[in-house]
>>> print(open('work-v4.cif').read())   # mmCIF, C-alpha atoms and all ligand atoms
data_data
loop_
_atom_site.label_atom_id
_atom_site.label_comp_id
_atom_site.auth_asym_id
_atom_site.auth_seq_id
_atom_site.Cartn_x
_atom_site.Cartn_y
_atom_site.Cartn_z
CA ASN A 182 188.38 25.26 14.73
CA TYR A 183 190.19 28.49 15.39
CA GLN A 184 188.61 30.47 18.20
CA GLY A 185 189.98 33.78 17.00
CA ILE A 186 190.54 35.26 13.56
CA ILE A 187 192.92 38.19 13.24
CA PHE A 188 192.55 40.24 10.07
CA ASP A 189 195.09 42.52 8.51
CA LEU A 190 193.32 45.70 7.37
CA ASP A 191 194.90 47.25 4.24
CA GLY A 192 194.52 44.80 1.35
CA VAL A 193 192.34 42.35 3.32
CA ILE A 194 189.29 44.18 4.75
CA CYS A 195 189.60 47.13 2.38
CA HIS A 196 191.66 48.43 -0.51
CA THR A 197 193.60 51.42 0.65
CA ASP A 198 196.62 50.20 -1.38
CA ARG A 199 195.98 52.65 -4.23
CA TYR A 200 195.79 55.56 -1.79
CA HIS A 201 199.10 54.54 -0.21
CA PHE A 202 200.51 54.29 -3.74
CA LEU A 203 199.28 57.73 -4.81
CA ALA A 204 200.55 59.41 -1.64
CA TRP A 205 204.01 57.80 -1.82
CA LYS A 206 204.16 58.59 -5.53
CA GLN A 207 203.95 62.32 -4.74
CA ILE A 208 206.80 62.03 -2.23
CA ALA A 209 208.83 60.01 -4.74
CA ASP A 210 208.27 62.65 -7.44
CA GLN A 211 209.44 65.34 -5.04
CA LEU A 212 212.66 63.37 -4.42
CA GLY A 213 213.20 62.46 -8.07
CA ILE A 214 212.61 58.76 -7.40
CA ASN A 215 211.00 56.48 -9.96
CA PHE A 216 208.17 54.92 -7.97
CA ASP A 217 206.61 51.70 -9.23
CA ASP A 218 204.50 48.73 -8.11
CA ARG A 219 207.58 46.73 -7.23
CA ILE A 220 208.54 49.26 -4.54
CA ASN A 221 204.91 49.69 -3.45
CA ASP A 222 204.51 45.92 -2.98
CA ARG A 223 207.48 45.82 -0.62
CA MET A 224 205.73 48.42 1.56
CA ARG A 225 202.71 46.21 2.22
CA GLY A 226 202.32 45.60 5.94
CA VAL A 227 205.38 47.71 6.70
CA SER A 228 205.17 50.77 9.00
CA ARG A 229 205.25 54.32 7.64
CA MET A 230 208.87 55.05 8.62
CA ASP A 231 210.11 51.63 7.44
CA SER A 232 208.23 52.22 4.15
CA LEU A 233 210.05 55.54 3.76
CA GLU A 234 213.38 53.72 4.17
CA ILE A 235 212.36 51.30 1.39
CA LEU A 236 211.59 54.30 -0.84
CA LEU A 237 214.89 55.98 0.04
CA GLU A 238 216.87 52.97 -1.20
CA GLU A 239 216.20 54.52 -4.63
CA TYR A 240 217.22 58.04 -3.56
CA HIS A 241 220.58 59.34 -4.71
CA GLY A 242 220.45 63.00 -3.59
CA GLU A 243 221.96 64.75 -0.56
CA PRO A 244 221.72 62.63 2.64
CA LEU A 245 218.56 63.41 4.61
CA THR A 246 218.49 64.24 8.33
CA ALA A 247 216.24 62.36 10.74
CA ALA A 248 214.02 65.47 10.96
CA GLN A 249 213.69 65.66 7.17
CA LYS A 250 212.67 62.00 7.09
CA VAL A 251 210.00 62.56 9.73
CA ALA A 252 208.73 65.56 7.73
CA LEU A 253 208.51 63.44 4.54
CA ALA A 254 206.60 60.69 6.37
CA GLU A 255 204.23 63.29 7.83
CA LYS A 256 203.64 64.81 4.42
CA LYS A 257 202.90 61.38 2.95
CA ASN A 258 200.41 60.79 5.74
CA GLN A 259 198.64 64.11 5.17
CA LEU A 260 198.24 63.25 1.49
CA TYR A 261 197.05 59.74 2.41
CA VAL A 262 194.54 60.91 5.01
CA GLY A 263 193.23 63.41 2.45
CA LEU A 264 192.64 60.55 0.00
CA LEU A 265 190.91 58.46 2.69
CA GLN A 266 188.14 61.07 2.71
CA ASN A 267 187.00 59.43 -0.56
CA MET A 268 186.30 56.22 1.31
CA GLY A 269 182.93 55.33 2.81
CA GLU A 270 180.72 52.42 3.88
CA ALA A 271 180.27 51.45 0.23
CA ASP A 272 183.97 50.50 0.17
CA LEU A 273 183.30 47.57 2.50
CA SER A 274 182.40 44.74 0.14
CA GLU A 275 179.34 42.56 0.70
CA GLU A 276 181.61 39.52 0.58
CA VAL A 277 183.83 40.75 3.41
CA ARG A 278 180.89 41.90 5.54
CA LYS A 279 178.90 38.68 5.10
CA THR A 280 181.91 36.44 5.68
CA MET A 281 182.79 38.22 8.92
CA ASP A 282 179.15 38.20 10.09
CA THR A 283 178.96 34.44 9.44
CA LEU A 284 182.23 33.72 11.27
CA ARG A 285 180.94 35.76 14.19
CA SER A 286 177.62 33.89 14.21
CA ARG A 287 179.64 30.66 14.46
CA GLY A 288 181.16 32.03 17.66
CA ARG A 289 184.56 33.12 16.38
CA LYS A 290 186.18 36.16 17.97
CA LEU A 291 187.34 38.69 15.40
CA ALA A 292 190.27 41.09 15.67
CA ILE A 293 192.27 43.53 13.58
CA GLY A 294 196.07 43.23 13.41
CA SER A 295 197.38 46.15 11.32
CA SER A 296 200.60 48.18 11.25
CA SER A 297 198.59 51.29 10.35
CA LYS A 298 198.25 54.22 12.70
CA ASN A 299 195.17 55.19 10.66
CA THR A 300 193.32 51.96 11.53
CA LYS A 301 190.61 53.59 13.67
CA LEU A 302 189.98 56.28 11.05
CA ILE A 303 189.65 53.63 8.30
CA LEU A 304 187.32 51.45 10.42
CA LYS A 305 185.18 54.51 11.06
CA ARG A 306 184.93 55.35 7.36
CA LEU A 307 183.92 51.73 6.62
CA GLY A 308 181.25 51.83 9.35
CA LEU A 309 183.12 49.22 11.41
CA THR A 310 183.76 51.17 14.61
CA GLY A 311 183.05 48.81 17.51
CA TYR A 312 182.59 45.80 15.19
CA PHE A 313 185.73 43.88 16.20
CA ASP A 314 186.31 42.18 19.56
CA ALA A 315 189.82 43.66 19.57
CA VAL A 316 191.89 46.10 17.56
CA SER A 317 195.70 45.92 17.58
CA ASP A 318 197.34 48.49 15.30
CA GLY A 319 200.26 50.83 14.69
CA THR A 320 199.43 52.80 17.83
CA ASN A 321 200.08 49.93 20.28
CA ILE A 322 203.27 48.44 18.84
CA THR A 323 206.92 49.41 18.64
CA ARG A 324 208.02 46.91 15.95
CA SER A 325 206.20 46.51 12.65
CA LYS A 326 205.62 43.32 10.61
CA PRO A 327 207.50 41.00 9.95
CA ASP A 328 207.85 41.24 13.74
CA PRO A 329 204.90 39.35 15.31
CA GLU A 330 204.16 42.03 17.95
CA VAL A 331 200.94 43.34 16.36
CA PHE A 332 199.41 39.83 16.16
CA LEU A 333 200.62 38.79 19.61
CA CYS A 334 198.90 41.89 21.05
CA ALA A 335 195.71 41.09 19.11
CA ALA A 336 195.66 37.52 20.48
CA GLN A 337 196.31 38.80 23.98
CA TYR A 338 193.44 41.33 23.67
CA LEU A 339 191.19 38.43 22.62
CA GLY A 340 192.43 36.38 25.57
CA LEU A 341 193.59 33.57 23.25
CA CYS A 342 196.97 31.96 22.64
CA PRO A 343 198.43 32.13 19.08
CA GLY A 344 197.73 28.44 18.44
CA LYS A 345 193.99 29.12 18.70
CA CYS A 346 194.04 32.02 16.22
CA LEU A 347 194.23 32.31 12.44
CA VAL A 348 195.87 35.35 10.82
CA VAL A 349 194.48 36.60 7.49
CA GLU A 350 197.02 38.53 5.40
CA ASP A 351 197.77 39.87 1.92
CA ALA A 352 201.45 40.71 2.52
CA LYS A 353 204.58 38.60 2.75
CA ALA A 354 205.71 40.64 5.77
CA GLY A 355 202.42 39.72 7.46
CA ILE A 356 202.75 36.00 6.74
CA LEU A 357 206.28 36.05 8.17
CA ALA A 358 204.98 37.91 11.23
CA ALA A 359 202.25 35.29 11.74
CA LYS A 360 204.77 32.45 11.44
CA ALA A 361 207.21 34.12 13.84
CA GLY A 362 204.40 34.50 16.39
CA GLY A 363 203.27 30.86 16.16
CA PHE A 364 200.06 31.57 14.21
CA ASP A 365 198.63 29.69 11.25
CA SER A 366 197.93 32.02 8.35
CA ALA A 367 195.55 32.40 5.42
CA GLY A 368 196.93 34.34 2.46
CA LEU A 369 195.16 36.50 -0.11
CA GLY A 370 196.69 38.09 -3.20
CA GLU A 371 200.47 37.89 -3.35
CA ALA A 372 200.50 36.20 0.08
CA ALA A 373 198.53 33.25 -1.35
CA ALA A 374 201.54 32.28 -3.46
CA PHE A 375 204.02 32.70 -0.62
CA ALA A 376 205.74 29.53 0.61
CA PHE A 377 205.24 30.23 4.31
CA VAL A 378 201.45 30.59 4.18
CA THR A 379 199.40 27.85 5.87
CA TYR A 380 196.30 28.19 3.63
CA PRO A 381 196.27 30.00 0.29
CA LEU A 382 192.87 31.65 -0.37
CA GLN A 383 191.39 32.63 -3.72
CA SER A 384 188.87 34.97 -2.18
CA PHE A 385 187.92 36.31 1.24
CA SER A 386 184.82 34.10 1.48
CA ASP A 387 187.03 30.96 1.24
CA LEU A 388 187.51 31.56 4.98
CA LEU A 389 184.06 30.05 5.52
CA LYS A 390 185.09 26.74 3.90
CA LEU A 391 188.38 26.74 5.78
CA ASP A 392 186.59 27.40 9.06
CA GLY A 393 183.92 24.79 8.34
CA ASN A 394 186.42 22.06 7.49
CA ARG A 395 188.47 22.12 10.65
C1 LIG A 401 199.65 48.93 6.45
C2 LIG A 401 199.92 49.06 4.97
C3 LIG A 401 201.28 49.67 4.74
C4 LIG A 401 201.45 50.96 5.54
C5 LIG A 401 201.26 50.67 7.03
C6 LIG A 401 201.37 51.92 7.88
O1 LIG A 401 200.39 47.87 6.95
O2 LIG A 401 199.86 47.82 4.31
O3 LIG A 401 201.43 49.94 3.36
O4 LIG A 401 202.72 51.54 5.32
O5 LIG A 401 199.97 50.10 7.21
O6 LIG A 401 200.26 52.74 7.63
P1 LIG A 401 200.01 54.17 8.23
O7 LIG A 401 198.55 54.41 7.95
O8 LIG A 401 200.31 54.12 9.70
O9 LIG A 401 200.92 55.11 7.52
MG MG A 402 197.91 44.27 4.12
#
>>> encode(input="work-v4.cif", output="structure tokens", more="lines below")
Ligand code: G6P
Ligand code: MG
Amino acid sequence: NYQGIIFDLDGVICHTDRYHFLAWKQIADQLGINFDDRINDRMRGVSRMDSLEILLEEYHGEPLTAAQKVALAEKKNQLYVGLLQNMGEADLSEEVRKTMDTLRSRGRKLAIGSSSKNTKLILKRLGLTGYFDAVSDGTNITRSKPDPEVFLCAAQYLGLCPGKCLVVEDAKAGILAAKAGGFDSAGLGEAAAFAFVTYPLQSFSDLLKLDGNR
């Protein structure tokens, strides 16, 4: 069995996706960009500044300076953090909570591996402050997924090598990051259909079967 389980946050533990979408949509409208799910999906697991670059592929106005880009990313974040105020403990599903509690009772160490710099705020809103054995997020890395840095840090914080950890992801960029770091992965949502995933999952609680069978 895996000794450590490293969870992505957005799209795995909680559903902040629609808040990211709504915040980026406002920036896109401001820039005259047609924002859709196809662009939003490419931003999954990708850092704020890298997400902005994905959005700007569709931008055909005057070239933007580095300072203007930073200002746009900051504005997106203000909108996003405003939307996060709608989130509370009720947004942590029973299924996720019970699955994690069971894995923990079986002796697994649990960690977060997220590109988000808002990770601690989101964990607080979900009532999960202090719940995980380790938290590796956008504040302790320099390269975002598909680079493996965020997961390698999480494993290191747990005191485990990658081969003893399973990464749980919903994004292609996250599955690629897991693979690049030498981790097996379990994929939810679009990541379940991705060729590089080790175990496709239909739902979060499938982790219990996976864990029990190894
Ligand atoms: C997660 C989300 C991405 C987001 C990134 C950075 O990986 O899936 O959509 O861009 O975090 O989030 P942040 O909260 O730091 O802007
Ligand atoms: Mg995700």
>>> closest_residue(input="work-v4.cif", among="A:Ala204, A:Ile356, A:Ala209, A:Ala373", to="Leu260 (chain A)", atoms="only C-alpha atoms")
A:Ala204
>>> residues_near_ligand(input="work-v4.cif", ligand="ligand MG 402 (chain A)", cutoff="9 Å", atoms="only C-alpha atoms and all ligand atoms", output="ChimeraX atom specification")
/A:188-196,198,225-227,295-296,350-355
>>> residues_around(input="work-v4.cif", residues="Leu347 (chain A)", least_positions_apart="3", cutoff="6 Å", atoms="all atoms listed in the file", output="list of chain:residue names")
A:Ile186, A:Asp365, A:Ser366
>>> axis_aligned_box(input="work-v4.cif", around="ligand LIG 401 (chain A)", padding_each_side="4 Å", output="lines of an AutoDock Vina configuration file")
center_x = 200.6
center_y = 51.5
center_z = 6.5
size_x = 12.2
size_y = 15.3
size_z = 14.3
>>> residues_around(input="work-v4.cif", residues="Cys342 (chain A)", least_positions_apart="5", cutoff="10 Å", atoms="all atoms listed in the file", output="VMD selection string")
chain A and resid 184 to 185 333 335 to 337 363 to 364
>>> closest_residue(input="work-v4.cif", among="A:Ala254, A:Ile187, A:Ala248, A:Met224", to="Ala359 (chain A)", atoms="all atoms listed in the file")
A:Ile187
>>> closest_residue(input="work-v4.cif", among="A:Asn215, A:Asn321, A:Ser228, A:Thr197", to="ligand LIG 401 (chain A)", atoms="all atoms listed in the file")
A:Ser228
>>> residues_around(input="work-v4.cif", residues="Ser384 (chain A)", least_positions_apart="3", cutoff="10 Å", atoms="all atoms listed in the file", output="ChimeraX atom specification")
/A:193,276-277,368-370,373,381,387-388
>>> atom_distance(input="work-v4.cif", atom1="CA of Ala374 (chain A)", atom2="CA of Asp314 (chain A)")
29.3 Å
